[in-house]
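Reproduced below: model.txt, with compact mmCIF, C-alpha atoms and all ligand atoms.
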```
# COMPACT_ATOMS: atom_id res chain seq x y z
CA MET Q 251 89.29 181.18 28.83
CA SER Q 252 91.53 178.18 28.87
CA MET Q 253 94.60 176.72 30.50
CA GLN Q 254 96.62 179.45 28.74
CA SER Q 255 94.79 182.19 30.62
CA ILE Q 256 95.31 180.30 33.86
CA GLU Q 257 98.99 180.06 32.97
CA ALA Q 258 99.09 183.80 32.25
CA ARG Q 259 97.05 185.11 35.18
CA GLY Q 260 97.96 182.50 37.75
CA LEU Q 261 96.22 180.06 40.03
CA VAL Q 262 96.01 180.30 43.81
CA LEU Q 263 95.64 177.13 45.82
CA LEU Q 264 94.33 177.67 49.36
CA GLY Q 265 95.20 174.46 51.18
CA CYS Q 266 97.39 171.89 49.50
CA GLY Q 267 96.84 168.64 51.33
CA LYS Q 268 95.82 165.32 49.85
CA MET Q 269 93.27 166.55 47.34
CA GLY Q 270 94.95 169.87 46.52
CA SER Q 271 98.26 168.14 45.89
CA ALA Q 272 96.60 165.38 43.83
CA MET Q 273 95.21 168.08 41.52
CA LEU Q 274 98.47 170.04 41.56
CA GLU Q 275 100.43 166.96 40.47
CA GLY Q 276 97.93 166.38 37.68
CA TRP Q 277 98.26 169.98 36.43
CA LEU Q 278 102.05 169.91 36.58
CA ALA Q 279 102.03 166.63 34.64
CA GLN Q 280 99.81 168.34 32.04
CA GLY Q 281 102.37 171.12 31.63
CA LEU Q 282 101.01 173.94 33.81
CA SER Q 283 104.14 175.72 34.95
CA ALA Q 284 104.93 175.72 38.66
CA SER Q 285 105.61 179.47 38.44
CA SER Q 286 101.95 180.16 37.63
CA ILE Q 287 100.86 178.63 40.93
CA THR Q 288 100.72 180.25 44.38
CA VAL Q 289 100.05 177.91 47.30
CA ILE Q 290 98.87 179.14 50.68
CA ASP Q 291 99.29 176.42 53.30
CA PRO Q 292 100.70 176.78 56.82
CA TYR Q 293 101.95 173.17 56.76
CA PRO Q 294 103.51 172.70 53.32
CA SER Q 295 104.77 169.27 52.30
CA ALA Q 296 108.40 168.60 51.42
CA ARG Q 297 107.25 168.23 47.80
CA LEU Q 298 105.78 171.77 47.83
CA GLU Q 299 108.99 173.15 49.30
CA ALA Q 300 110.96 171.37 46.58
CA LEU Q 301 108.66 172.81 43.88
CA GLN Q 302 109.75 176.29 44.90
CA ALA Q 303 112.98 175.57 43.03
CA GLU Q 304 110.83 175.21 39.90
CA GLY Q 305 109.18 178.58 40.51
CA LEU Q 306 106.13 177.66 42.62
CA HIS Q 307 105.17 180.49 44.98
CA LEU Q 308 104.69 179.14 48.49
CA ASN Q 309 103.09 181.34 51.15
CA THR Q 310 104.06 184.48 49.24
CA PRO Q 311 101.83 187.53 48.62
CA LEU Q 312 99.03 186.71 46.15
CA PRO Q 313 98.96 187.74 42.51
CA LYS Q 314 96.60 190.73 41.99
CA ALA Q 315 93.96 189.03 39.87
CA PRO Q 316 94.58 185.31 39.41
CA ALA Q 317 92.24 183.50 37.03
CA VAL Q 318 91.16 181.07 39.69
CA CYS Q 319 91.46 180.49 43.40
CA LEU Q 320 91.01 176.85 44.36
CA LEU Q 321 89.66 176.45 47.88
CA ALA Q 322 90.95 173.10 49.14
CA VAL Q 323 91.04 173.30 52.93
CA LYS Q 324 88.87 171.13 55.16
CA PRO Q 325 85.26 172.33 55.40
CA GLN Q 326 85.77 172.96 59.13
CA MET Q 327 88.79 175.22 58.38
CA MET Q 328 87.21 177.19 55.55
CA ALA Q 329 85.88 180.14 57.61
CA GLU Q 330 89.26 180.59 59.28
CA ALA Q 331 91.24 180.24 56.04
CA LEU Q 332 89.18 182.45 53.70
CA PRO Q 333 90.30 185.88 55.01
CA GLN Q 334 93.73 185.11 53.51
CA ILE Q 335 92.27 185.35 50.01
CA GLY Q 336 89.28 187.63 50.72
CA ASP Q 337 90.73 190.53 48.70
CA LEU Q 338 90.46 188.46 45.53
CA ALA Q 339 86.67 188.84 45.79
CA LYS Q 340 87.22 192.35 44.37
CA ALA Q 341 89.25 191.02 41.45
CA ASP Q 342 87.89 189.09 38.50
CA THR Q 343 88.88 185.81 40.13
CA VAL Q 344 86.76 182.67 40.11
CA PHE Q 345 86.50 180.85 43.42
CA LEU Q 346 86.51 177.13 42.88
CA SER Q 347 85.71 175.19 46.04
CA ILE Q 348 86.19 171.48 46.41
CA ALA Q 349 85.14 171.38 50.07
CA ALA Q 350 82.66 168.62 50.87
CA GLY Q 351 79.29 169.81 52.08
CA THR Q 352 80.04 173.54 51.94
CA SER Q 353 77.32 175.23 49.90
CA ILE Q 354 77.53 177.99 47.34
CA ASP Q 355 75.20 179.98 49.57
CA TRP Q 356 77.73 179.73 52.42
CA PHE Q 357 80.51 180.98 50.15
CA GLU Q 358 78.34 183.85 48.93
CA GLY Q 359 77.86 184.81 52.58
CA ALA Q 360 81.61 184.73 53.18
CA LEU Q 361 82.90 186.23 49.91
CA GLY Q 362 80.00 188.44 48.85
CA ARG Q 363 77.05 187.74 46.59
CA ARG Q 364 78.82 189.23 43.57
CA ALA Q 365 81.71 186.77 43.62
CA PRO Q 366 81.74 184.07 40.93
CA ILE Q 367 81.73 180.80 42.85
CA ILE Q 368 81.95 177.29 41.49
CA ARG Q 369 81.44 174.30 43.72
CA ALA Q 370 83.14 171.13 42.59
CA MET Q 371 83.66 167.61 43.87
CA PRO Q 372 86.81 165.95 42.48
CA ASN Q 373 88.52 162.73 43.56
CA THR Q 374 92.13 161.73 44.15
CA PRO Q 375 92.70 159.76 40.90
CA ALA Q 376 93.15 163.32 39.57
CA ALA Q 377 96.79 162.81 40.54
CA VAL Q 378 97.15 160.40 37.60
CA GLY Q 379 94.79 162.23 35.25
CA ARG Q 380 91.94 159.77 35.93
CA GLY Q 381 89.74 161.80 38.27
CA ILE Q 382 86.15 162.78 37.83
CA THR Q 383 84.84 166.13 38.99
CA ALA Q 384 81.26 167.32 39.16
CA LEU Q 385 80.76 171.09 39.17
CA VAL Q 386 78.03 173.67 39.55
CA GLY Q 387 78.34 177.46 39.50
CA ASN Q 388 76.42 180.32 41.09
CA ALA Q 389 74.54 182.93 39.04
CA GLN Q 390 77.65 185.15 38.92
CA ALA Q 391 79.82 182.45 37.36
CA SER Q 392 79.79 183.26 33.64
CA GLU Q 393 79.81 180.63 30.92
CA ALA Q 394 83.44 181.57 30.17
CA GLN Q 395 84.35 181.08 33.83
CA MET Q 396 82.56 177.72 33.96
CA ALA Q 397 84.42 176.69 30.82
CA MET Q 398 87.71 177.81 32.36
CA ALA Q 399 87.04 175.74 35.49
CA GLU Q 400 86.11 172.81 33.29
CA SER Q 401 89.31 173.05 31.29
CA LEU Q 402 91.31 173.17 34.52
CA LEU Q 403 89.48 170.17 35.95
CA SER Q 404 89.44 168.22 32.69
CA ALA Q 405 93.23 168.41 32.70
CA VAL Q 406 93.08 165.88 35.54
CA GLY Q 407 90.20 163.69 34.39
CA GLN Q 408 86.56 163.78 33.37
CA THR Q 409 84.20 166.59 34.28
CA VAL Q 410 80.46 166.66 34.57
CA ARG Q 411 78.35 169.78 35.01
CA ILE Q 412 75.28 169.55 37.18
CA GLU Q 413 72.42 172.02 37.54
CA ASP Q 414 71.10 170.93 40.93
CA GLU Q 415 73.57 171.64 43.74
CA THR Q 416 71.76 169.26 46.12
CA MET Q 417 73.11 166.37 44.02
CA MET Q 418 76.57 167.16 45.41
CA ASP Q 419 75.94 165.13 48.57
CA ALA Q 420 75.22 161.96 46.61
CA ILE Q 421 78.06 162.69 44.20
CA THR Q 422 80.43 163.05 47.15
CA GLY Q 423 79.18 159.69 48.46
CA VAL Q 424 79.77 157.96 45.12
CA SER Q 425 82.81 159.49 43.41
CA GLY Q 426 84.38 161.89 45.94
CA SER Q 427 84.74 159.23 48.61
CA GLY Q 428 84.50 156.32 46.16
CA PRO Q 429 88.24 155.79 45.58
CA ALA Q 430 88.54 154.90 49.27
CA TYR Q 431 85.94 152.14 48.85
CA VAL Q 432 87.85 150.75 45.90
CA PHE Q 433 91.17 150.93 47.75
CA HIS Q 434 89.55 149.05 50.60
CA MET Q 435 88.31 146.47 48.10
CA ILE Q 436 91.94 146.00 47.03
CA GLU Q 437 93.03 145.64 50.66
CA THR Q 438 90.33 143.09 51.43
CA MET Q 439 90.90 141.08 48.23
CA ALA Q 440 94.60 140.89 49.03
CA ALA Q 441 93.88 139.85 52.63
CA ALA Q 442 91.46 137.21 51.38
CA GLY Q 443 94.17 135.90 49.03
CA VAL Q 444 96.57 135.64 51.97
CA ALA Q 445 93.88 133.77 53.93
CA GLU Q 446 93.75 131.33 50.99
CA GLY Q 447 97.47 130.72 51.30
CA LEU Q 448 99.11 133.29 48.98
CA PRO Q 449 102.18 135.29 49.97
CA GLU Q 450 101.27 138.92 50.84
CA ASP Q 451 103.19 140.54 47.96
CA LEU Q 452 101.66 138.27 45.36
CA ALA Q 453 98.14 138.70 46.79
CA MET Q 454 98.51 142.49 46.67
CA GLN Q 455 99.91 142.42 43.13
CA LEU Q 456 96.98 140.29 41.97
CA ALA Q 457 94.38 142.46 43.76
CA LYS Q 458 95.76 145.77 42.45
CA ALA Q 459 96.12 144.57 38.87
CA THR Q 460 92.66 143.02 38.93
CA VAL Q 461 90.92 146.17 40.17
CA ALA Q 462 92.92 148.42 37.84
CA GLY Q 463 92.40 146.13 34.85
CA ALA Q 464 88.69 145.73 35.53
CA GLY Q 465 88.39 149.52 35.89
CA VAL Q 466 90.04 150.16 32.53
CA LEU Q 467 87.95 147.44 30.88
CA ALA Q 468 84.76 148.92 32.37
CA MET Q 469 85.70 152.30 30.88
CA GLU Q 470 86.77 151.04 27.48
CA ALA Q 471 84.51 148.10 26.65
CA ASP Q 472 81.30 148.51 24.67
CA GLU Q 473 79.46 146.25 27.11
CA ASP Q 474 78.14 147.65 30.38
CA PRO Q 475 79.62 146.45 33.70
CA SER Q 476 76.84 143.92 34.30
CA GLN Q 477 77.59 142.24 30.94
CA LEU Q 478 81.32 142.34 31.67
CA ARG Q 479 80.51 140.53 34.93
CA VAL Q 480 78.48 137.93 33.06
CA ASN Q 481 81.41 137.46 30.64
CA VAL Q 482 83.62 136.36 33.55
CA THR Q 483 81.05 133.98 34.95
CA SER Q 484 81.08 130.41 33.60
CA PRO Q 485 78.04 128.31 34.50
CA GLN Q 486 78.76 126.35 37.69
CA GLY Q 487 82.25 127.88 37.65
CA THR Q 488 84.41 129.64 40.22
CA THR Q 489 83.03 133.15 39.64
CA ALA Q 490 79.47 131.95 40.08
CA ALA Q 491 80.45 130.50 43.44
CA GLY Q 492 82.11 133.78 44.48
CA LEU Q 493 79.30 136.02 43.22
CA GLU Q 494 76.71 133.99 45.08
CA VAL Q 495 78.29 135.32 48.26
CA LEU Q 496 79.07 138.84 46.99
CA MET Q 497 75.69 139.53 45.40
CA ASP Q 498 73.54 138.26 48.26
CA HIS Q 499 70.76 140.81 48.74
CA GLN Q 500 70.83 140.47 52.53
CA THR Q 501 74.51 140.05 53.36
CA GLY Q 502 76.41 140.88 50.16
CA LEU Q 503 77.78 143.97 48.49
CA PRO Q 504 74.53 145.64 47.32
CA PRO Q 505 73.17 146.50 50.81
CA LEU Q 506 76.68 147.24 52.07
CA ILE Q 507 77.52 149.71 49.30
CA LYS Q 508 74.08 151.27 49.60
CA ARG Q 509 74.67 151.94 53.29
CA THR Q 510 78.23 153.08 52.62
CA VAL Q 511 77.21 155.69 50.03
CA ALA Q 512 74.23 156.78 52.13
CA ALA Q 513 76.46 157.34 55.19
CA ALA Q 514 78.93 159.42 53.14
CA ALA Q 515 76.13 161.47 51.55
CA GLU Q 516 74.58 162.04 54.97
CA ARG Q 517 77.93 163.27 56.34
CA SER Q 518 78.14 165.66 53.39
CA ARG Q 519 74.69 167.01 54.32
CA GLU Q 520 75.79 167.39 57.95
CA LEU Q 521 78.96 169.27 56.92
CA GLY Q 522 76.70 171.72 55.12
CA LYS Q 523 74.71 172.60 58.25
N1 LIG Q 601 90.80 163.86 49.99
C1 LIG Q 601 89.86 163.67 49.06
O1 LIG Q 601 89.78 162.58 48.44
C2 LIG Q 601 88.90 164.75 48.71
C3 LIG Q 601 88.82 165.92 49.45
N2 LIG Q 601 87.92 166.89 49.11
C4 LIG Q 601 87.86 168.14 49.87
O2 LIG Q 601 89.13 168.75 49.74
C5 LIG Q 601 89.39 169.52 50.89
C6 LIG Q 601 90.76 169.15 51.43
O3 LIG Q 601 90.74 167.79 51.80
P1 LIG Q 601 92.10 166.98 51.94
O4 LIG Q 601 93.06 167.44 50.92
O5 LIG Q 601 91.73 165.56 52.02
O6 LIG Q 601 92.56 167.50 53.38
P2 LIG Q 601 94.04 167.71 53.93
O7 LIG Q 601 93.93 167.84 55.41
O8 LIG Q 601 94.94 166.68 53.35
O9 LIG Q 601 94.46 169.13 53.31
C7 LIG Q 601 94.06 170.35 53.83
C8 LIG Q 601 95.24 171.29 53.74
O10 LIG Q 601 94.82 172.55 54.21
C9 LIG Q 601 95.90 173.11 54.93
N3 LIG Q 601 95.39 174.17 55.80
C10 LIG Q 601 94.95 174.07 57.07
N4 LIG Q 601 94.61 175.30 57.53
C11 LIG Q 601 94.84 176.18 56.54
C12 LIG Q 601 94.72 177.57 56.40
N5 LIG Q 601 94.25 178.33 57.40
N6 LIG Q 601 95.06 178.15 55.22
C13 LIG Q 601 95.52 177.39 54.21
N7 LIG Q 601 95.69 176.05 54.27
C14 LIG Q 601 95.34 175.45 55.42
C15 LIG Q 601 96.51 171.94 55.66
O11 LIG Q 601 97.86 172.23 56.06
C16 LIG Q 601 96.42 170.85 54.61
O12 LIG Q 601 97.60 170.78 53.83
C17 LIG Q 601 88.28 169.25 51.90
O13 LIG Q 601 87.41 170.35 51.92
C18 LIG Q 601 87.62 168.00 51.36
O14 LIG Q 601 86.24 168.00 51.65
C19 LIG Q 601 87.12 166.77 48.01
C20 LIG Q 601 87.16 165.65 47.25
C21 LIG Q 601 88.00 164.52 47.55
O1 LIG Q 602 86.29 162.47 53.28
C1 LIG Q 602 85.98 163.62 52.92
O2 LIG Q 602 85.26 164.34 53.61
C2 LIG Q 602 86.48 164.10 51.59
C3 LIG Q 602 85.37 164.49 50.67
C4 LIG Q 602 85.31 163.43 49.63
C5 LIG Q 602 86.51 162.64 49.85
N1 LIG Q 602 87.17 163.05 50.88
```
Can the structure from this file be put into structure tokens for me?
Amino acid sequence: MSMQSIEARGLVLLGCGKMGSAMLEGWLAQGLSASSITVIDPYPSARLEALQAEGLHLNTPLPKAPAVCLLAVKPQMMAEALPQIGDLAKADTVFLSIAAGTSIDWFEGALGRRAPIIRAMPNTPAAVGRGITALVGNAQASEAQMAMAESLLSAVGQTVRIEDETMMDAITGVSGSGPAYVFHMIETMAAAGVAEGLPEDLAMQLAKATVAGAGVLAMEADEDPSQLRVNVTSPQGTTAAGLEVLMDHQTGLPPLIKRTVAAAAERSRELGK
């Protein structure tokens, strides 16, 4: 099964907030037609309402047997929201959850043990086709259904299949939440530039372009990120002076990022309880 079968059978999106809409924008940009998508959301955005003119179904009755139902409400809202799509558990529909923390076992309890369920953790760069999504399926999710979910998710970035669902907490801490850390890095670099005397606009332009450029270089270069770092660093130069602060094992980025990712992973574990 591929994007064509999703186009033909339809896709239901339960909850279309920040992450759901990031993925939706990515799919629309990839050519999935708005008319193949049904969104269920009690608080639709103006963008969703506008997409109705292009054929998107908003809070309408569901198609009988959509290829996939993406579950994208908050973990705390999932139990309340699921009855709206419960009937699809009798159809040959794959449930694809992106909810942090919420386990496959929990979904099997809610939707029935026979339902094909795939748990995924995407991130918001999906909106520009540069996301990364990890996914793992239950025993009922067939290879064809896993491949279908992968083709849907790979339309908005990279995908990686995992075998061990418990890795999802750490994955959430690294890549699910990770864009927020990087955005904060941009904010703090820009603020630091202002503190050094730059105008705000220029500092933000420099910070954004630097993070974006370094990200693309990290993806495209043959060298690994540590070598790319070395390449910037002239002996006794400016970067060496900066990195001495940033790489300090007590007060620098390594212990800070370790604690940051650990706190996010721990919250993911808590959400699963
Ligand atoms: N924001 C992110 O970067 C990421 C979020 N996630 C997961 O995606 C899910 C959604 O997160 P966000 O988009 O950030 O939250 P959000 O709050 O922006 O979106 C949730 C949407 O669900 C809707 N909703 C509330 N009750 C509903 C109901 N009963 N039926 C249908 N829709 C309902 C809300 O109106 C809202 O539009 C969460 O489970 C989160 O763990 C996963 C990866 C990254
Ligand atoms: O903050 C959250 O809980 C969600 C999951 C990963 C990113 N956002």
Can you tell me, as a ChimeraX atom specification, what residues are no more than 12 Å from region 373-383 of chain Q when counting only C-alpha atoms, ignoring any on the same chain fewer than 4 positions away? /Q:267-280,346-350,368-369,399-412,418,421-430,432-433,462,465-466,469
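Every protein, DNA or RNA residue with an atom at most 8 Å from region 325-329 of chain Q, where only C-alpha atoms count and chain neighbours fewer than 3 positions away do not, is listed here: Q:Leu332, Q:Pro333, Q:Ala349, Q:Ala350, Q:Gly351, Q:Thr352, Q:Ala360, Q:Leu521.
Nearest-residue note for ligand LIG 601 (chain Q): choosing from Q:Ala514, Q:Leu448, Q:Ile507, Q:Ala284, the minimum distance belongs to Q:Ala514, counting all atoms listed in the file.
We find CA of Glu257 (chain Q) and atom O2 of ligand LIG 602 (chain Q) to be spaced 29.4 Å apart.
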Kindly indicate which residue among Q:Pro485, Q:Pro449, Q:Pro372, Q:Gly305 lies nearest to ligand LIG 602 (chain Q), using only C-alpha atoms and all ligand atoms for the distances. Q:Pro372
Using Å and a single decimal, report how far CA of Asp414 (chain Q) sits from CA of Leu503 (chain Q).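 That distance, rounded to one decimal, is 28.8 Å.
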Mind checking which residues fall within 9 Å of Leu261 (chain Q), counting all atoms listed in the file, ignoring those fewer than 5 positions away in the same chain, and posting them as a PyMOL selection string? chain Q and resi 256+286-289+313+316-320
Distance in Å - CA of Glu330 (chain Q) versus atom O10 of ligand LIG 601 (chain Q):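 The value is 11.0 Å.
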Contacts of Ala441 (chain Q) at 9 Å (all atoms listed in the file; same-chain gap of 6+ positions) as JSON, numbers by chain: {"Q": [450, 453, 454]}
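Nearest to ligand LIG 602 (chain Q) of all the residues Q:Val495, Q:Leu456, Q:Ala445, Q:Val323 is Q:Val323, counting all atoms listed in the file.
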Nearest residue to ligand LIG 601 (chain Q) from the set Q:Met371, Q:Leu306, Q:Ala300, Q:Met253 (distances using all atoms listed in the file): Q:Met371
Of the candidates Q:Pro294, Q:Gly281, Q:Pro504, Q:Gly260, which shows the shortest atom-to-atom distance to ligand LIG 601 (chain Q), using all atoms listed in the file? Q:Pro294
If you take every atom of ligand LIG 602 (chain Q) that the file lists and fit an axis-aligned box around them with 6 Å extra on each side, what centre and edge lengths come out in Å to one decimal, as lines of an AutoDock Vina configuration file?
```
center_x = 86.2
center_y = 163.5
center_z = 51.6
size_x = 13.9
size_y = 14.0
size_z = 16.0
```
In file coordinates, which residues lie within 10 Å of (73.5, 179.4, 46.2) using all atoms listed in the file, given as a list in words?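 Those residues, ordered by chain and then number, are Ser353, Ile354, Asp355, Trp356, Phe357, Glu358, Gly359, Arg363, Ile367, Ile368, Arg369, Val386, Gly387, Asn388, Ala389 and Glu415 of chain Q.
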Long-range neighbours of Asp342 (chain Q) as a short mmCIF file (atom, residue, chain, number, x, y, z; two decimals) with C-alpha atoms, in the coordinates of the input, 12 Å cut-off, only C-alpha atoms, 2 positions minimum in chain:
```
data_model
loop_
_atom_site.label_atom_id
_atom_site.label_comp_id
_atom_site.auth_asym_id
_atom_site.auth_seq_id
_atom_site.Cartn_x
_atom_site.Cartn_y
_atom_site.Cartn_z
CA ARG Q 259 97.05 185.11 35.18
CA PRO Q 313 98.96 187.74 42.51
CA LYS Q 314 96.60 190.73 41.99
CA ALA Q 315 93.96 189.03 39.87
CA PRO Q 316 94.58 185.31 39.41
CA ALA Q 317 92.24 183.50 37.03
CA VAL Q 318 91.16 181.07 39.69
CA CYS Q 319 91.46 180.49 43.40
CA ASP Q 337 90.73 190.53 48.70
CA LEU Q 338 90.46 188.46 45.53
CA ALA Q 339 86.67 188.84 45.79
CA LYS Q 340 87.22 192.35 44.37
CA VAL Q 344 86.76 182.67 40.11
CA PHE Q 345 86.50 180.85 43.42
CA ARG Q 364 78.82 189.23 43.57
CA ALA Q 365 81.71 186.77 43.62
CA PRO Q 366 81.74 184.07 40.93
CA ILE Q 367 81.73 180.80 42.85
CA GLN Q 390 77.65 185.15 38.92
CA ALA Q 391 79.82 182.45 37.36
CA SER Q 392 79.79 183.26 33.64
CA GLN Q 395 84.35 181.08 33.83
#
```
Since the input lacks atoms, please generate N, CA and C atoms for region 259-282 of chain Q and provide them as a compact mmCIF listing (two decimals), in the frame of the given file.
```txt
# COMPACT_ATOMS: atom_id res chain seq x y z
N ARG Q 259 97.52 184.31 34.04
CA ARG Q 259 97.05 185.11 35.18
C ARG Q 259 97.36 184.47 36.52
N GLY Q 260 97.57 183.19 36.52
CA GLY Q 260 97.96 182.50 37.75
C GLY Q 260 96.80 181.79 38.42
N LEU Q 261 97.18 180.86 39.27
CA LEU Q 261 96.22 180.06 40.03
C LEU Q 261 96.67 180.08 41.49
N VAL Q 262 95.71 180.33 42.36
CA VAL Q 262 96.01 180.30 43.81
C VAL Q 262 95.37 179.05 44.38
N LEU Q 263 96.13 178.35 45.19
CA LEU Q 263 95.64 177.13 45.82
C LEU Q 263 95.64 177.36 47.33
N LEU Q 264 94.46 177.48 47.91
CA LEU Q 264 94.33 177.67 49.36
C LEU Q 264 94.15 176.31 50.00
N GLY Q 265 95.22 175.81 50.61
CA GLY Q 265 95.20 174.46 51.18
C GLY Q 265 95.71 173.48 50.15
N CYS Q 266 96.83 172.85 50.46
CA CYS Q 266 97.39 171.89 49.50
C CYS Q 266 97.73 170.61 50.24
N GLY Q 267 96.68 169.93 50.67
CA GLY Q 267 96.84 168.64 51.33
C GLY Q 267 96.67 167.52 50.33
N LYS Q 268 95.91 166.51 50.71
CA LYS Q 268 95.82 165.32 49.85
C LYS Q 268 95.13 165.62 48.53
N MET Q 269 94.00 166.31 48.60
CA MET Q 269 93.27 166.55 47.34
C MET Q 269 93.92 167.67 46.54
N GLY Q 270 94.30 168.76 47.23
CA GLY Q 270 94.95 169.87 46.52
C GLY Q 270 96.21 169.40 45.82
N SER Q 271 97.00 168.58 46.51
CA SER Q 271 98.26 168.14 45.89
C SER Q 271 97.99 167.12 44.79
N ALA Q 272 96.93 166.31 44.92
CA ALA Q 272 96.60 165.38 43.83
C ALA Q 272 96.31 166.18 42.55
N MET Q 273 95.54 167.27 42.70
CA MET Q 273 95.21 168.08 41.52
C MET Q 273 96.46 168.81 41.01
N LEU Q 274 97.24 169.33 41.95
CA LEU Q 274 98.47 170.04 41.56
C LEU Q 274 99.38 169.12 40.75
N GLU Q 275 99.56 167.89 41.21
CA GLU Q 275 100.43 166.96 40.47
C GLU Q 275 99.87 166.71 39.07
N GLY Q 276 98.56 166.58 38.99
CA GLY Q 276 97.93 166.38 37.68
C GLY Q 276 98.19 167.56 36.75
N TRP Q 277 98.04 168.79 37.27
CA TRP Q 277 98.26 169.98 36.43
C TRP Q 277 99.71 170.09 35.99
N LEU Q 278 100.63 169.84 36.93
CA LEU Q 278 102.05 169.91 36.58
C LEU Q 278 102.37 168.89 35.50
N ALA Q 279 101.79 167.68 35.65
CA ALA Q 279 102.03 166.63 34.64
C ALA Q 279 101.47 167.04 33.28
N GLN Q 280 100.42 167.87 33.30
CA GLN Q 280 99.81 168.34 32.04
C GLN Q 280 100.53 169.54 31.46
N GLY Q 281 101.55 170.04 32.18
CA GLY Q 281 102.37 171.12 31.63
C GLY Q 281 102.10 172.50 32.19
N LEU Q 282 101.17 172.62 33.17
CA LEU Q 282 101.01 173.94 33.81
C LEU Q 282 102.30 174.24 34.55
```
